[in-house]
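Visitor: One file is attached below, start_18.txt, containing compact mmCIF, C-alpha atoms (C1' of nucleotides).
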```txt
# COMPACT_ATOMS: atom_id res chain seq x y z
CA MET N 14 13.49 -24.04 11.87
CA ARG N 15 12.65 -20.44 12.71
CA LYS N 16 10.52 -20.16 15.82
CA THR N 17 10.22 -16.39 16.24
CA PHE N 18 9.38 -13.75 13.70
CA LEU N 19 11.07 -10.61 14.89
CA PHE N 20 12.54 -7.75 12.90
CA LEU N 21 15.99 -7.33 14.38
CA ASP N 22 19.33 -5.61 13.76
CA THR N 23 20.21 -2.37 12.02
CA VAL N 24 21.07 -2.41 8.33
CA ILE N 25 22.10 0.44 6.05
CA ASN N 26 21.21 0.09 2.36
CA LYS N 27 21.58 2.39 -0.58
CA VAL N 28 18.61 4.15 -2.14
CA ASP N 29 19.05 4.75 -5.87
CA ASN N 30 17.73 7.81 -7.67
CA LYS N 31 14.45 6.08 -8.44
CA GLY N 32 13.79 5.48 -4.75
CA ARG N 33 14.54 1.78 -4.91
CA VAL N 34 16.11 0.10 -1.90
CA SER N 35 16.87 -3.48 -0.94
CA LEU N 36 14.80 -4.75 1.95
CA PRO N 37 17.26 -6.54 4.27
CA ALA N 38 17.34 -10.23 3.41
CA ASP N 39 16.37 -11.11 6.94
CA TYR N 40 13.20 -9.02 6.74
CA ARG N 41 12.34 -10.56 3.39
CA SER N 42 12.57 -14.06 4.75
CA ILE N 43 10.04 -13.17 7.46
CA ALA N 44 7.55 -12.01 4.87
CA LYS N 45 8.22 -15.11 2.84
CA GLU N 46 7.79 -17.56 5.68
CA LEU N 47 4.63 -15.87 6.91
CA ASN N 48 3.42 -15.67 3.32
CA THR N 49 2.45 -12.05 3.83
CA GLN N 50 3.34 -8.70 2.36
CA ILE N 51 5.19 -5.81 3.92
CA VAL N 52 3.23 -2.68 4.76
CA LEU N 53 4.84 0.74 5.16
CA TYR N 54 3.46 3.97 6.59
CA ARG N 55 4.65 7.27 8.02
CA SER N 56 5.40 7.13 11.72
CA LEU N 57 2.94 9.16 13.76
CA THR N 58 5.54 10.40 16.17
CA SER N 59 8.90 10.51 14.39
CA ASN N 60 10.30 11.56 11.07
CA CYS N 61 10.74 8.00 9.95
CA ILE N 62 8.99 5.29 7.99
CA GLU N 63 7.46 2.43 9.91
CA GLY N 64 6.83 -1.07 8.58
CA CYS N 65 5.17 -4.30 9.57
CA THR N 66 3.56 -7.35 8.01
CA GLU N 67 0.15 -7.17 6.42
CA GLU N 68 -0.82 -9.85 8.90
CA LEU N 69 -0.32 -7.42 11.77
CA MET N 70 -2.45 -4.86 9.93
CA GLU N 71 -5.23 -7.38 9.61
CA LYS N 72 -5.06 -8.06 13.32
CA LEU N 73 -5.23 -4.34 14.00
CA ALA N 74 -8.31 -4.01 11.80
CA SER N 75 -10.06 -6.73 13.77
CA ASP N 76 -9.07 -5.18 17.09
CA ILE N 77 -10.45 -1.81 16.10
CA GLU N 78 -13.66 -3.38 14.85
CA THR N 79 -14.31 -5.13 18.12
CA SER N 80 -13.18 -2.41 20.52
CA HIS N 81 -15.22 0.49 19.16
CA ASP N 82 -18.69 1.01 17.83
CA PHE N 83 -19.15 0.63 14.13
CA PHE N 84 -20.30 4.23 13.84
CA SER N 85 -18.09 5.84 16.45
CA SER N 86 -16.06 8.86 15.44
CA GLU N 87 -13.06 7.38 17.20
CA GLN N 88 -13.07 4.38 14.92
CA ASP N 89 -13.58 6.65 11.94
CA ASP N 90 -10.58 8.78 12.74
CA LEU N 91 -8.35 5.87 13.61
CA THR N 92 -9.03 3.88 10.48
CA ASN N 93 -8.54 6.92 8.27
CA LEU N 94 -5.20 7.68 9.79
CA ILE N 95 -3.79 4.17 9.91
CA PHE N 96 -5.11 2.47 6.81
CA GLY N 97 -5.22 5.61 4.71
CA ASP N 98 -1.51 6.02 5.09
CA ALA N 99 -0.41 2.38 4.93
CA LYS N 100 0.53 0.76 1.64
CA ARG N 101 1.57 -2.73 0.60
CA TYR N 102 5.07 -3.02 -0.79
CA SER N 103 6.11 -6.06 -2.76
CA PHE N 104 9.74 -6.68 -3.54
CA ASP N 105 11.07 -7.95 -6.84
CA SER N 106 13.22 -11.04 -7.38
CA THR N 107 16.25 -9.13 -6.17
CA GLY N 108 14.51 -8.01 -2.99
CA ARG N 109 13.97 -4.33 -3.68
CA ILE N 110 11.00 -2.10 -2.92
CA LEU N 111 10.18 1.28 -4.40
CA LEU N 112 9.62 3.90 -1.71
CA SER N 113 6.88 6.40 -2.49
CA GLU N 114 7.57 10.11 -2.68
CA LYS N 115 5.42 10.66 0.39
CA LEU N 116 7.48 8.27 2.51
CA ILE N 117 10.80 9.60 1.25
CA ALA N 118 9.73 13.15 2.03
CA HIS N 119 8.46 12.30 5.50
CA ALA N 120 11.67 10.55 6.58
CA ASP N 121 13.92 12.87 4.57
CA ILE N 122 15.57 9.86 2.91
CA LYS N 123 18.44 10.72 0.61
CA ASP N 124 20.86 8.09 -0.72
CA LYS N 125 20.99 5.88 2.37
CA ALA N 126 18.23 4.16 4.31
CA VAL N 127 18.74 2.79 7.81
CA PHE N 128 16.55 -0.20 8.68
CA VAL N 129 16.05 -0.59 12.43
CA GLY N 130 14.39 -3.71 13.81
CA LYS N 131 11.69 -3.19 16.43
CA GLY N 132 10.32 -6.69 16.92
CA ARG N 133 6.92 -6.90 15.26
CA LYS N 134 7.66 -3.68 13.44
CA PHE N 135 10.67 -1.96 11.97
CA GLN N 136 11.62 1.58 11.06
CA ILE N 137 13.45 3.23 8.19
CA TRP N 138 15.50 6.32 8.96
CA ASN N 139 17.62 8.94 7.31
CA GLU N 140 21.19 8.11 8.31
CA ALA N 141 21.95 11.30 10.21
CA GLU N 142 18.53 11.39 11.84
CA TRP N 143 18.96 7.86 13.11
CA ALA N 144 22.34 8.70 14.58
CA LYS N 145 20.70 11.50 16.56
CA GLU N 146 17.78 9.32 17.57
CA GLU N 147 20.02 6.51 18.71
CA GLN N 148 22.04 8.96 20.77
CA ARG N 149 18.87 10.33 22.34
CA VAL N 150 17.58 6.87 23.22
CA ARG N 151 20.92 5.81 24.70
CA GLU N 152 21.11 8.89 26.87
CA GLU N 153 17.60 8.32 28.09
CA ILE N 154 18.46 4.78 29.07
CA LEU N 155 21.56 5.95 30.92
CA GLN N 156 19.49 8.40 32.94
CA LYS N 157 17.15 5.65 34.02
CA ARG N 158 20.01 3.31 34.87
CA PRO N 159 20.73 4.58 38.41
CA THR N 160 17.15 3.79 39.39
CA ILE N 161 17.54 0.28 38.12
CA LYS N 162 20.84 -0.13 39.93
CA ARG N 163 19.40 1.03 43.19
CA LYS N 164 16.77 -1.63 42.94
CA GLU N 165 19.41 -4.26 42.35
CA ASP N 166 21.42 -3.08 45.34
CA VAL N 167 18.46 -3.38 47.68
CA MET C 28 0.21 -14.29 -1.56
CA ARG C 29 -2.55 -11.98 -0.40
CA LYS C 30 -4.45 -13.30 2.59
CA THR C 31 -6.04 -10.11 3.82
CA PHE C 32 -8.51 -7.82 2.14
CA LEU C 33 -7.86 -4.35 3.45
CA PHE C 34 -8.47 -1.10 1.63
CA LEU C 35 -5.20 0.77 2.12
CA ASP C 36 -3.33 3.84 0.94
CA THR C 37 -4.50 7.16 -0.42
CA VAL C 38 -4.86 7.51 -4.18
CA ILE C 39 -5.83 10.58 -6.20
CA ASN C 40 -7.56 9.89 -9.51
CA LYS C 41 -9.02 12.16 -12.10
CA VAL C 42 -12.77 12.50 -12.59
CA ASP C 43 -13.71 13.29 -16.18
CA ASN C 44 -16.63 15.49 -17.17
CA LYS C 45 -18.95 12.49 -17.33
CA GLY C 46 -18.26 11.64 -13.70
CA ARG C 47 -16.13 8.63 -14.55
CA VAL C 48 -13.24 7.75 -12.29
CA SER C 49 -10.85 4.81 -12.05
CA LEU C 50 -11.26 2.74 -8.94
CA PRO C 51 -7.68 2.16 -7.69
CA ALA C 52 -6.38 -1.13 -9.06
CA ASP C 53 -5.73 -2.39 -5.58
CA TYR C 54 -9.34 -1.85 -4.57
CA ARG C 55 -10.56 -3.58 -7.70
CA SER C 56 -8.48 -6.65 -7.00
CA ILE C 57 -10.15 -6.97 -3.60
CA ALA C 58 -13.60 -6.99 -5.17
CA LYS C 59 -12.37 -9.47 -7.73
CA GLU C 60 -10.78 -11.85 -5.26
CA LEU C 61 -13.77 -11.77 -2.93
CA ASN C 62 -16.02 -12.11 -5.95
CA THR C 63 -18.21 -9.31 -4.65
CA GLN C 64 -19.30 -5.90 -5.82
CA ILE C 65 -18.42 -2.46 -4.54
CA VAL C 66 -21.13 -0.53 -2.74
CA LEU C 67 -21.08 3.25 -2.38
CA TYR C 68 -23.18 5.53 -0.16
CA ARG C 69 -23.08 9.00 1.32
CA SER C 70 -21.18 9.13 4.59
CA LEU C 71 -23.43 9.69 7.58
CA THR C 72 -20.94 11.93 9.31
CA SER C 73 -18.75 13.65 6.73
CA ASN C 74 -19.03 15.29 3.35
CA CYS C 75 -17.55 12.32 1.60
CA ILE C 76 -18.54 9.15 -0.19
CA GLU C 77 -18.07 5.89 1.64
CA GLY C 78 -17.55 2.50 0.05
CA CYS C 79 -17.18 -1.14 0.98
CA THR C 80 -17.78 -4.59 -0.39
CA GLU C 81 -21.29 -5.94 -0.64
CA GLU C 82 -20.01 -8.68 1.63
CA LEU C 83 -19.48 -6.20 4.46
CA MET C 84 -23.00 -4.87 3.89
CA GLU C 85 -24.28 -8.36 4.51
CA LYS C 86 -22.36 -8.50 7.74
CA LEU C 87 -23.68 -5.11 8.78
CA ALA C 88 -27.22 -6.27 8.13
CA SER C 89 -26.69 -9.24 10.42
CA ASP C 90 -25.16 -7.08 13.12
CA ILE C 91 -28.09 -4.68 13.10
CA GLU C 92 -30.51 -7.58 13.27
CA THR C 93 -28.94 -8.85 16.46
CA SER C 94 -28.04 -5.59 18.19
CA HIS C 95 -31.40 -3.80 18.19
CA ASP C 96 -34.98 -4.79 18.66
CA PHE C 97 -36.29 -6.06 15.40
CA PHE C 98 -39.12 -3.52 15.39
CA SER C 99 -37.30 -0.64 17.05
CA SER C 100 -37.41 2.79 15.49
CA GLU C 101 -33.64 2.92 15.84
CA GLN C 102 -33.21 0.00 13.53
CA ASP C 103 -35.71 1.49 11.13
CA ASP C 104 -33.75 4.70 10.96
CA LEU C 105 -30.41 3.00 10.51
CA THR C 106 -31.55 0.63 7.82
CA ASN C 107 -33.30 3.42 5.98
CA LEU C 108 -30.25 5.63 6.06
CA ILE C 109 -27.67 3.08 5.07
CA PHE C 110 -29.33 0.58 2.83
CA GLY C 111 -31.64 3.14 1.30
CA ASP C 112 -28.68 5.18 0.18
CA ALA C 113 -26.28 2.42 -0.84
CA LYS C 114 -25.92 1.34 -4.44
CA ARG C 115 -23.80 -1.25 -6.21
CA TYR C 116 -21.22 0.10 -8.61
CA SER C 117 -19.69 -2.10 -11.27
CA PHE C 118 -16.58 -1.04 -13.09
CA ASP C 119 -15.91 -1.50 -16.79
CA SER C 120 -13.01 -3.37 -18.39
CA THR C 121 -10.73 -0.41 -17.75
CA GLY C 122 -11.69 -0.24 -14.08
CA ARG C 123 -13.82 2.88 -14.03
CA ILE C 124 -17.06 3.59 -12.19
CA LEU C 125 -19.61 6.31 -12.89
CA LEU C 126 -20.34 8.36 -9.80
CA SER C 127 -23.97 9.44 -9.43
CA GLU C 128 -24.94 13.11 -9.22
CA LYS C 129 -26.11 12.55 -5.66
CA LEU C 130 -22.72 11.24 -4.52
CA ILE C 131 -20.77 13.89 -6.40
CA ALA C 132 -22.90 16.64 -4.85
CA HIS C 133 -22.59 15.23 -1.33
CA ALA C 134 -18.80 15.07 -1.45
CA ASP C 135 -18.40 18.16 -3.61
CA ILE C 136 -16.27 16.23 -6.08
CA LYS C 137 -14.83 18.30 -8.91
CA ASP C 138 -12.11 17.02 -11.22
CA LYS C 139 -10.15 15.02 -8.64
CA ALA C 140 -11.25 12.21 -6.34
CA VAL C 141 -9.20 11.17 -3.33
CA PHE C 142 -9.59 7.51 -2.34
CA VAL C 143 -8.70 6.93 1.31
CA GLY C 144 -8.36 3.38 2.64
CA LYS C 145 -10.12 2.59 5.91
CA GLY C 146 -9.45 -1.12 6.27
CA ARG C 147 -12.80 -2.79 5.67
CA LYS C 148 -14.14 0.39 4.09
CA PHE C 149 -12.82 3.30 2.09
CA GLN C 150 -13.81 6.91 1.47
CA ILE C 151 -13.82 9.24 -1.51
CA TRP C 152 -13.09 12.91 -0.85
CA ASN C 153 -12.79 16.23 -2.54
CA GLU C 154 -9.07 16.98 -2.62
CA ALA C 155 -9.07 20.13 -0.52
CA GLU C 156 -11.61 18.72 1.94
CA TRP C 157 -9.47 15.66 2.54
CA ALA C 158 -6.39 17.78 3.20
CA LYS C 159 -8.33 19.59 5.92
CA GLU C 160 -9.77 16.37 7.33
CA GLU C 161 -6.40 14.63 7.45
CA GLN C 162 -4.94 17.55 9.34
CA ARG C 163 -7.81 17.51 11.84
CA VAL C 164 -7.58 13.76 12.42
CA ARG C 165 -3.83 13.81 12.94
CA GLU C 166 -4.06 16.47 15.59
CA GLU C 167 -6.93 14.77 17.35
CA ILE C 168 -5.35 11.33 17.39
CA LEU C 169 -2.08 12.65 18.75
CA GLN C 170 -3.97 14.13 21.69
CA LYS C 171 -5.96 10.97 22.35
CA ARG C 172 -3.08 8.62 21.87
CA PRO C 173 -2.68 7.48 25.50
CA THR C 174 -6.36 6.49 25.60
CA ILE C 175 -6.04 4.41 22.47
CA LYS C 176 -2.96 2.65 23.75
CA ARG C 177 -4.73 1.67 26.92
CA LYS C 178 -7.55 0.14 24.93
CA GLU C 179 -5.18 -1.82 22.73
CA ASP C 180 -3.29 -3.15 25.70
CA VAL C 181 -6.41 -4.56 27.33
C1' DT X 25 -35.52 10.23 -30.72
C1' DT X 26 -32.52 11.99 -27.60
C1' DA X 27 -29.87 11.63 -23.66
C1' DA X 28 -27.39 8.97 -20.65
C1' DA X 29 -25.13 4.94 -19.15
C1' DT X 30 -22.12 1.24 -20.32
C1' DA X 31 -18.62 -1.22 -22.86
C1' DC X 32 -14.62 -1.18 -25.67
C1' DC X 33 -10.18 0.67 -28.04
C1' DA X 34 -5.80 3.44 -27.94
C1' DT X 35 -1.87 5.77 -25.69
C1' DG X 36 1.54 7.35 -22.54
C1' DC X 37 3.58 6.70 -18.22
C1' DT X 38 5.48 4.40 -14.39
C1' DA X 39 5.89 0.62 -11.27
C1' DT X 40 7.82 -3.68 -11.28
C1' DA X 41 10.10 -7.83 -13.08
C1' DC X 42 14.27 -9.47 -14.75
C1' DC X 43 19.27 -9.78 -16.19
C1' DA X 44 24.03 -8.69 -15.22
C1' DT X 45 27.68 -7.22 -12.27
C1' DA X 46 29.83 -6.16 -7.87
C1' DT X 47 30.80 -6.96 -3.01
C1' DA X 48 31.14 -9.33 1.20
C1' DG X 49 31.04 -13.44 4.30
C1' DG X 50 32.07 -18.00 4.95
C1' DT X 51 34.45 -22.41 4.09
C1' DA X 52 37.78 -25.47 2.75
C1' DA X 53 42.07 -26.43 0.75
C1' DG X 54 46.94 -25.22 0.38
C1' DC B 24 47.70 -18.38 8.47
C1' DT B 25 46.76 -17.37 3.87
C1' DT B 26 44.59 -17.93 -0.41
C1' DA B 27 41.13 -19.30 -3.51
C1' DC B 28 36.53 -20.41 -4.27
C1' DC B 29 31.62 -20.36 -3.50
C1' DT B 30 27.28 -18.55 -2.06
C1' DA B 31 24.22 -14.92 -0.79
C1' DT B 32 23.16 -10.30 -0.89
C1' DA B 33 23.25 -5.74 -2.77
C1' DT B 34 23.16 -2.61 -6.66
C1' DG B 35 23.10 -0.75 -11.67
C1' DG B 36 20.69 -1.01 -15.77
C1' DT B 37 16.88 -2.22 -18.96
C1' DA B 38 12.59 -4.28 -20.72
C1' DT B 39 7.90 -5.20 -19.97
C1' DA B 40 3.34 -5.24 -18.23
C1' DG B 41 -0.21 -2.94 -15.78
C1' DC B 42 -2.62 1.17 -14.88
C1' DA B 43 -4.86 5.62 -15.46
C1' DT B 44 -7.05 8.28 -18.78
C1' DG B 45 -8.75 10.33 -23.26
C1' DG B 46 -11.67 9.02 -26.71
C1' DT B 47 -15.42 6.52 -29.24
C1' DA B 48 -18.99 3.12 -30.16
C1' DT B 49 -22.85 0.61 -28.59
C1' DT B 50 -26.60 -0.21 -25.72
C1' DT B 51 -30.34 1.14 -22.56
C1' DA B 52 -33.89 4.03 -20.82
C1' DA B 53 -36.88 8.13 -20.81
```
Once more with this new file: its structure as structure tokens, please.
Guide:
Amino acid sequence: MRKTFLFLDTVINKVDNKGRVSLPADYRSIAKELNTQIVLYRSLTSNCIEGCTEELMEKLASDIETSHDFFSSEQDDLTNLIFGDAKRYSFDSTGRILLSEKLIAHADIKDKAVFVGKGRKFQIWNEAEWAKEEQRVREEILQKRPTIKRKEDV
Amino acid sequence: MRKTFLFLDTVINKVDNKGRVSLPADYRSIAKELNTQIVLYRSLTSNCIEGCTEELMEKLASDIETSHDFFSSEQDDLTNLIFGDAKRYSFDSTGRILLSEKLIAHADIKDKAVFVGKGRKFQIWNEAEWAKEEQRVREEILQKRPTIKRKEDV
DNA sequence: TTAAATACCATGCTATACCATATAGGTAAG
DNA sequence: CTTACCTATATGGTATAGCATGGTATTTAA
């Protein structure tokens, strides 16, 4: 029935004192249907956790293999950074994952986790941080809007 | 459930005074599922130990065969360096391997070993050395990021 | 015969699997 | 339009299994 496999929507779930949090049901069903696991890692650019399917990771590994020399330092650095930080997360029968200390610290997660869909990937934010980020993104879009409008007018 | 065989995550395990260290369970399961052994060798470029499956070694052998002249000195050097240094390591029922003196000396391993996933390969570092290396890589990648993106897009 | 490598046993800890309860969304009957 | 019921998801709590690690025995090699 499902034709696309996109992480969508924004969902806020509670994180208990062990670091457990329910993965949104919608995200779970993607992993289930693709028969793959979820991989989480620290975002390179923001104070948030980023996630994707293991399938996408596999694709990335192949891409790196073919686009760089086997012994190149670029490939070395890239693979260290990406795969060294990524970790498979399996959810239990109730759909929860256990966030690692490293991830929680990086995103400053307290008792709430905000899941934000990004298509092939998704992000997990601290509630207040996400509010700020969303504000920032919206303002940026508004600034660009006049340019778009002008084009439409022409 | 698992369809991919990527070495992921960063795990710190203790090395006892005999040089024994637990291979992370996740890494072991890869060797098990692929029904292959783990091969370790001294990194050509860093003060760390590098590891992969024997399967990947096979692939590397084929690649070298096709990418250089069969009798070239380049191929001689490469094969000497890599295959001459590599050694199979089998783990016992509790999942531990015994690191050789040569490897321990090269990576300056003391009482802790840091396993860093690299996708098809992984590395083993001295704790302090890895901290420095991770820092260096993060800074470098952030600078090069536009270049990488361009490559991925193509 | 001694040292070193390998295999096996025991223990404590923690991730994870499972059960039970609560909450919300949706549907159909009143 | 309201109420009651049902299903799916989220969350709290607890038990269990898997893992890392200390220790010891057994085998292999020098």
Visitor: Restrict the distance test to only C-alpha atoms (C1' of nucleotides), flag each residue of chain C within 9 Å of chain X, and return the flagged residues as a PyMOL selection string.
Guide: chain C and resi 119-121+125
Visitor: What residues in chain N have any atom no more than 8 Å from chain C when counting only C-alpha atoms, and can you write them as a list in words?
Guide: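 Therefore, the residues near the partner are Asn48, Thr49, Gln50, Leu57, Glu67, Glu68, Glu71, Ala74, Asp76, Ser80, Asp90, Leu91, Thr92, Asn93, Leu94, Ile95, Phe96, Gly97, Asp98, Ala99, Lys100 and Arg101 of chain N.
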Visitor: Mind listing as a list in words which residues of chain B are within 10 Å of chain N, counting only C-alpha atoms (C1' of nucleotides)?
Guide: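 Using only C-alpha atoms (C1' of nucleotides), chain B residues at most 10 Å from chain N: DA31, DT32, DA33, DT34 and DG35 of chain B.
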Visitor: What does the distance between atom CA of Ile110 of chain N and atom CA of Ser75 of chain N come to in Å, to one decimal place?
Guide: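 Taking atom CA of Ile110 of chain N as the start and atom CA of Ser75 of chain N as the end point, the length is 27.3 Å.
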Visitor: After a least-squares superposition on chain N using every in-order C-alpha pair, I'd like chain C written out as a short mmCIF file (atom, residue, chain, number, x, y, z; two decimals) with C-alpha atoms, in the coordinates of the input.
Guide:
```cif
data_model
loop_
_atom_site.label_atom_id
_atom_site.label_comp_id
_atom_site.auth_asym_id
_atom_site.auth_seq_id
_atom_site.Cartn_x
_atom_site.Cartn_y
_atom_site.Cartn_z
CA MET C 28 16.21 -23.28 13.40
CA ARG C 29 14.46 -19.93 13.55
CA LYS C 30 11.51 -19.89 15.92
CA THR C 31 11.13 -16.17 16.43
CA PHE C 32 10.32 -13.45 13.96
CA LEU C 33 11.99 -10.31 15.18
CA PHE C 34 13.24 -7.45 13.07
CA LEU C 35 16.76 -6.89 14.39
CA ASP C 36 19.95 -5.01 13.62
CA THR C 37 20.63 -1.79 11.78
CA VAL C 38 21.37 -2.00 8.06
CA ILE C 39 22.28 0.81 5.66
CA ASN C 40 21.29 0.25 2.04
CA LYS C 41 21.57 2.41 -1.00
CA VAL C 42 18.54 4.05 -2.60
CA ASP C 43 18.92 4.49 -6.35
CA ASN C 44 17.50 7.42 -8.29
CA LYS C 45 14.27 5.54 -8.94
CA GLY C 46 13.64 5.14 -5.22
CA ARG C 47 14.48 1.45 -5.22
CA VAL C 48 16.10 -0.04 -2.16
CA SER C 49 16.93 -3.57 -1.04
CA LEU C 50 14.96 -4.76 1.93
CA PRO C 51 17.56 -6.41 4.21
CA ALA C 52 17.68 -10.14 3.49
CA ASP C 53 16.88 -10.92 7.08
CA TYR C 54 13.69 -8.89 6.95
CA ARG C 55 12.67 -10.55 3.71
CA SER C 56 13.06 -14.00 5.18
CA ILE C 57 10.63 -13.07 7.95
CA ALA C 58 7.98 -12.06 5.44
CA LYS C 59 8.66 -15.23 3.51
CA GLU C 60 8.48 -17.56 6.48
CA LEU C 61 5.31 -15.95 7.82
CA ASN C 62 3.94 -15.94 4.29
CA THR C 63 2.85 -12.34 4.72
CA GLN C 64 3.58 -9.03 3.07
CA ILE C 65 5.46 -6.01 4.34
CA VAL C 66 3.43 -2.92 5.14
CA LEU C 67 4.94 0.56 5.26
CA TYR C 68 3.49 3.82 6.62
CA ARG C 69 4.65 7.20 7.84
CA SER C 70 5.57 7.17 11.51
CA LEU C 71 3.09 9.05 13.67
CA THR C 72 5.77 10.45 15.91
CA SER C 73 9.04 10.74 13.99
CA ASN C 74 10.29 11.74 10.59
CA CYS C 75 10.80 8.18 9.54
CA ILE C 76 9.06 5.35 7.73
CA GLU C 77 7.69 2.53 9.82
CA GLY C 78 7.14 -1.02 8.66
CA CYS C 79 5.74 -4.31 9.88
CA THR C 80 4.13 -7.46 8.61
CA GLU C 81 0.55 -7.41 7.42
CA GLU C 82 -0.01 -9.99 10.13
CA LEU C 83 0.78 -7.43 12.84
CA MET C 84 -1.62 -5.00 11.17
CA GLU C 85 -4.33 -7.58 11.60
CA LYS C 86 -3.49 -7.86 15.26
CA LEU C 87 -3.51 -4.10 15.65
CA ALA C 88 -6.94 -3.93 14.06
CA SER C 89 -8.26 -6.43 16.58
CA ASP C 90 -6.69 -4.57 19.47
CA ILE C 91 -8.27 -1.29 18.44
CA GLU C 92 -11.63 -2.98 18.07
CA THR C 93 -11.55 -4.17 21.65
CA SER C 94 -9.84 -1.24 23.37
CA HIS C 95 -12.06 1.65 22.27
CA ASP C 96 -15.72 2.19 21.72
CA PHE C 97 -16.60 0.95 18.31
CA PHE C 98 -18.03 4.33 17.30
CA SER C 99 -15.66 6.55 19.25
CA SER C 100 -13.96 9.44 17.52
CA GLU C 101 -10.68 8.20 18.95
CA GLN C 102 -10.94 4.97 17.06
CA ASP C 103 -11.93 6.85 13.94
CA ASP C 104 -8.85 9.00 14.16
CA LEU C 105 -6.51 6.12 14.82
CA THR C 106 -7.83 3.92 12.06
CA ASN C 107 -7.76 6.79 9.62
CA LEU C 108 -4.20 7.67 10.46
CA ILE C 109 -2.74 4.20 10.43
CA PHE C 110 -4.68 2.16 7.96
CA GLY C 111 -5.28 5.09 5.66
CA ASP C 112 -1.56 5.63 5.34
CA ALA C 113 -0.34 2.04 5.25
CA LYS C 114 0.41 0.29 1.99
CA ARG C 115 1.64 -3.17 1.08
CA TYR C 116 5.05 -3.34 -0.53
CA SER C 117 6.14 -6.39 -2.48
CA PHE C 118 9.75 -6.91 -3.36
CA ASP C 119 11.05 -8.23 -6.66
CA SER C 120 13.22 -11.31 -7.22
CA THR C 121 16.28 -9.37 -6.12
CA GLY C 122 14.61 -8.21 -2.91
CA ARG C 123 14.01 -4.56 -3.69
CA ILE C 124 11.01 -2.36 -2.93
CA LEU C 125 10.06 0.95 -4.52
CA LEU C 126 9.51 3.63 -1.91
CA SER C 127 6.68 6.05 -2.70
CA GLU C 128 7.28 9.79 -3.01
CA LYS C 129 5.15 10.34 0.08
CA LEU C 130 7.31 8.07 2.24
CA ILE C 131 10.58 9.42 0.86
CA ALA C 132 9.46 12.99 1.54
CA HIS C 133 8.29 12.21 5.08
CA ALA C 134 11.58 10.61 6.09
CA ASP C 135 13.73 12.89 3.96
CA ILE C 136 15.41 9.90 2.35
CA LYS C 137 18.22 10.75 -0.05
CA ASP C 138 20.65 8.15 -1.37
CA LYS C 139 20.91 6.04 1.79
CA ALA C 140 18.23 4.31 3.83
CA VAL C 141 18.86 3.12 7.37
CA PHE C 142 16.77 0.11 8.42
CA VAL C 143 16.42 -0.11 12.20
CA GLY C 144 14.93 -3.24 13.79
CA LYS C 145 12.26 -2.72 16.44
CA GLY C 146 11.24 -6.28 17.21
CA ARG C 147 7.75 -6.64 15.75
CA LYS C 148 8.27 -3.52 13.65
CA PHE C 149 11.12 -1.72 11.95
CA GLN C 150 11.89 1.82 10.85
CA ILE C 151 13.57 3.42 7.86
CA TRP C 152 15.56 6.60 8.48
CA ASN C 153 17.60 9.21 6.75
CA GLU C 154 21.19 8.48 7.73
CA ALA C 155 21.98 11.71 9.53
CA GLU C 156 18.56 11.82 11.22
CA TRP C 157 19.04 8.33 12.61
CA ALA C 158 22.45 9.21 14.02
CA LYS C 159 20.83 12.07 15.93
CA GLU C 160 17.89 9.93 17.04
CA GLU C 161 20.11 7.10 18.26
CA GLN C 162 22.13 9.53 20.31
CA ARG C 163 18.98 11.02 21.85
CA VAL C 164 17.49 7.62 22.70
CA ARG C 165 20.68 6.34 24.30
CA GLU C 166 20.92 9.32 26.60
CA GLU C 167 17.27 9.16 27.54
CA ILE C 168 17.24 5.44 28.25
CA LEU C 169 20.32 5.65 30.43
CA GLN C 170 18.55 8.22 32.59
CA LYS C 171 15.34 6.22 32.82
CA ARG C 172 17.02 2.91 33.36
CA PRO C 173 16.01 2.36 37.01
CA THR C 174 12.35 2.86 36.08
CA ILE C 175 12.54 0.30 33.32
CA LYS C 176 14.21 -2.24 35.56
CA ARG C 177 11.47 -1.90 38.12
CA LYS C 178 8.85 -2.58 35.48
CA GLU C 179 10.67 -5.64 34.20
CA ASP C 180 11.05 -7.04 37.68
CA VAL C 181 7.33 -6.86 38.40
#
```
Visitor: Between N:Ile117, N:Glu152, N:Arg41, N:Cys65, which has the minimum distance to Leu53 of chain N (counting all atoms listed in the file)?
Guide: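 Nearest to Leu53 of chain N: N:Cys65.
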Visitor: Could you work out how far atom CA of Leu126 of chain C lies from atom CA of Asp138 of chain C, giving the answer in Å with one decimal?
Guide: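 Interatomic distance, atom CA of Asp138 of chain C to atom CA of Leu126 of chain C: 12.0 Å.
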Visitor: Could you tell me which of N:Ala44, N:Leu69, N:Ile51, N:Ile62 comes closest to Asp121 of chain N if we count all atoms listed in the file?
Guide: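 Using all atoms listed in the file, the shortest distance to Asp121 of chain N belongs to N:Ile62.
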Visitor: Show me the residues around (-14.7, 14.3, -3.5) - criterion: an atom at most 6 Å away, all atoms listed in the file counted - as a list in words.
Guide: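 Here is the list of nearby residues: Ala134, Asp135, Ile136, Ala140, Ile151, Trp152 and Asn153 of chain C.
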Visitor: Could you jot down the atom CA of Leu47 of chain N to atom CA of Ser113 of chain N separation for me, Å, one decimal place?
Guide: 24.3 Å
